[in-house]
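Visitor: Below: one structure in structure tokens.
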Amino acid sequence: EAPPPFDSSGMGQSRRCIITTRGLVLRNGELRLPAGWRLVVSAPEVQLLQLRVSGAGYEPWRTEAEAGLLVITGEHNSVRLEGCHVRLKPPPNTDRRPGVNVAGGASAHLQDCTIDDASSIGLMSCGKSSRVTATRCRVDGSHMGFAALAGSHMGPLVDCKAVDNGQDGYFAQDPGSILEVGSGCLAQHNGTGYHATCGGVVNIAAACRAVDNSFYGFLASEAGSKLKAGEGCSTVGGRAGFVAKDGGELTAGRSCIARKNAEYGFCAVDVRSQLQAGEGCCVEGAQEGDGFAAVDGGFLYAAAGCTAAACGRAGFAARHVGSRLVAGPGCISRGMKAEGYCAMGGRLRLGEGCIAEENKLDGFRARRDAVTIDEDASETASEDAGAGGRGCSPGVLDASAGKCIARANGGSGFCCEDGECVLMAGPGCIAEQNLGAAGFHVKGGGEMEVREGCTASGNTGWGLLAEGANSVLCLGPGHGEAGALHGNAAGTRMARDGAVLINL
């Protein structure tokens, strides 16, 4: 092809090589840009093929003027990049130097391209009507990998990789910004794998992966931000797996998996944050936290058949005032270092047939928020502290749907403690082979309701136990029958130390 027409002009400390010829093709070359220079494409149907572009980049004079080493700009202008390598070599201690920037209503398609070492974003789209698609592209060693900003649209990205980026692998920010992550994408060794914030939207296809990112695998933060992860998406390692916080909304499809996270597998944090986990989602080995958790006022819905295994705290937990967690029918919590299901100051509602098995503490537990009340705390806080001086919010665990099973747990099968806390065990619930004080246990001023058809058998302690002043255990019909309470080592039922047992 004929050599391109270049226009070199100054702009502050920046100089530009500008391509303005429609349909221009550059192939099999290397362009080494001096410090302060950038390559700008301002023409339609331009092709850059097997081209290497390198340089120190351009640090703009204002934050919003991020320019990029390679810039595609202007409405109706378009570029196809195939087999290109864009590499920044910024001076030490510089930032805001993007790799490739598609802005001003332009469009670009990248295929088999690599972008390295941008001190800002590797590949970014910016501004309304700007659009980027990419196939088999990779961004690594940058501050961020792929980003849609200021109302732009990026995607679909197919078989792309974001690796070793300091902050986010895939990122959408600002209202109207949409990032479509297609099949086969990977986020590895970044700060966060996939992130929607400040009103941005990230839609992720099935089976995309987040591996060993420092903070989160999948994150929606700030009001108006939405992240949707497709069926079978997975995250391994990092602080937490799937997280909605600060008002963000995250939806995880069927059979999504969180493995070996330091804290939570699936978590909704803060008021207005919402997380929905689809059927059959699974958490394995959250080392120091809960499998599925609603914290500090968040809301989490775990659909039918979700499973938590071998986590450092509870399998399913609603912690702190205002937090709500709903677990669908047939959810399973097995091998926790704490409870299977725990309402600690929040509200936890269970579908029919949920199972708590082989957990270190109780199978199902309602208690107050474990926040210590200082002697200097306000009068209101002191009044709310309740029994035992714990925090200001009682826990409510609603298993009234029935047929829930607590089996072979280290504590009681079903346990409710502390004033104003409530646990409802619906028809047909079973407590068997538990090692704690009782199959069904209420203490410390709590209230438990055990409906008809519930059974307690083979427990190390009592079948039914109520203890402590103001504790109330309400029994549905049938608990006087021999078959309902049998084989419990301490006996069938006991009310002591001021507790009350009521037959309904």
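In the structure tokens, chains take letters A, B, ... by order of appearance, with residues numbered from 1 within each chain and ligands from 1 in the order shown.
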Pick out the residues sitting within 9 Å of stretch 260-270 of chain A, and hand them over as a PyMOL selection string; count only C-alpha atoms, and ignore anything fewer than 3 positions along from it in its own chain.

Guide: chain A and resi 212+216+235-250+257+273-277+282-300+308+311-312+323

Visitor: Give me, as a list in words, the residues of stretch 316-498 of chain A that a backbone DSSP run labels helix (DSSP H, G or I).

Guide: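 Put together, the selection reads Glu379, Thr380, Ala381, Ser382, Glu383, Asp384, Ala385, Ala387, Gly388 and Gly389 of chain A.
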
Visitor: Those selected residues, please, written with C-alpha atoms and delivered as a tab-separated table (two decimals), in the first residue's frame.

Guide:
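Result saved to selection34.tsv:
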```tsv
chain	number	residue	atom	x	y	z
A	379	GLU	CA	-29.61	5.01	75.96
A	380	THR	CA	-31.34	3.79	72.81
A	381	ALA	CA	-28.53	1.41	71.96
A	382	SER	CA	-28.51	0.06	75.51
A	383	GLU	CA	-32.23	-0.59	75.39
A	384	ASP	CA	-31.87	-2.40	72.10
A	385	ALA	CA	-28.96	-4.52	73.26
A	387	ALA	CA	-30.14	-10.39	76.42
A	388	GLY	CA	-26.44	-10.93	76.87
A	389	GLY	CA	-25.46	-7.38	75.87
```

Visitor: For the strand (DSSP E) assignment from backbone DSSP, which residues of stretch 100-254 of chain A qualify? Please present them as a ChimeraX atom specification.

Guide: /A:100-103,107-111,114-116,121-126,131-135,138-140,144-149,153-158,161-163,168-173,178-181,186-188,192-197,201-204,209-211,216-221,226-229,234-236,240-245,249-252

Visitor: Select, from A:Asp168, A:Leu186, A:Asp174, A:Val202, the residue with the minimum atom-to-atom distance to A:Ser214, counting only C-alpha atoms.

Guide: A:Asp168

Visitor: For stretch 40-52 of chain A, find every residue with an atom within 8 Å (counting only C-alpha atoms), except residues of its own chain fewer than 5 positions away, and show them as an MDAnalysis selection string.

Guide: chainID A and resid 16:31 70:74 76:87

Visitor: Save out the residues we just selected, C-alpha atoms, as a PDB file, in the first residue's frame.

Guide:
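again-v6.pdb, freshly written:
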```
ATOM      1  CA  ARG A  16      -0.232  13.648  16.797  1.00  0.00           C
ATOM      2  CA  CYS A  17       0.226  11.451  13.764  1.00  0.00           C
ATOM      3  CA  ILE A  18      -3.225  11.750  12.170  1.00  0.00           C
ATOM      4  CA  ILE A  19      -4.656   9.352   9.581  1.00  0.00           C
ATOM      5  CA  THR A  20      -7.411  11.030   7.585  1.00  0.00           C
ATOM      6  CA  THR A  21      -7.615   8.878   4.405  1.00  0.00           C
ATOM      7  CA  ARG A  22     -10.677   6.675   4.004  1.00  0.00           C
ATOM      8  CA  GLY A  23      -9.934   2.978   3.567  1.00  0.00           C
ATOM      9  CA  LEU A  24      -6.216   3.297   4.327  1.00  0.00           C
ATOM     10  CA  VAL A  25      -4.409  -0.002   5.080  1.00  0.00           C
ATOM     11  CA  LEU A  26      -1.228  -0.254   7.166  1.00  0.00           C
ATOM     12  CA  ARG A  27       0.332  -3.719   7.303  1.00  0.00           C
ATOM     13  CA  ASN A  28       3.415  -5.463   8.726  1.00  0.00           C
ATOM     14  CA  GLY A  29       5.141  -2.468  10.191  1.00  0.00           C
ATOM     15  CA  GLU A  30       6.345  -0.977  13.439  1.00  0.00           C
ATOM     16  CA  LEU A  31       5.627   2.537  14.592  1.00  0.00           C
ATOM     17  CA  LEU A  70      -3.690   4.956  19.672  1.00  0.00           C
ATOM     18  CA  VAL A  71      -6.867   7.015  19.329  1.00  0.00           C
ATOM     19  CA  ILE A  72      -9.812   6.299  17.019  1.00  0.00           C
ATOM     20  CA  THR A  73     -12.109   9.307  17.054  1.00  0.00           C
ATOM     21  CA  GLY A  74     -14.908  11.030  15.190  1.00  0.00           C
ATOM     22  CA  HIS A  76     -18.769   7.492  11.552  1.00  0.00           C
ATOM     23  CA  ASN A  77     -15.023   6.817  11.592  1.00  0.00           C
ATOM     24  CA  SER A  78     -14.001   3.186  11.963  1.00  0.00           C
ATOM     25  CA  VAL A  79     -10.928   0.976  12.265  1.00  0.00           C
ATOM     26  CA  ARG A  80     -10.216  -2.718  12.048  1.00  0.00           C
ATOM     27  CA  LEU A  81      -7.138  -3.894  13.945  1.00  0.00           C
ATOM     28  CA  GLU A  82      -5.922  -7.423  13.332  1.00  0.00           C
ATOM     29  CA  GLY A  83      -2.840  -9.013  14.835  1.00  0.00           C
ATOM     30  CA  CYS A  84      -1.645  -5.699  16.262  1.00  0.00           C
ATOM     31  CA  HIS A  85       0.502  -5.160  19.342  1.00  0.00           C
ATOM     32  CA  VAL A  86       0.157  -1.868  21.205  1.00  0.00           C
ATOM     33  CA  ARG A  87       2.702  -1.396  23.951  1.00  0.00           C
TER      34      ARG A  87
END
```
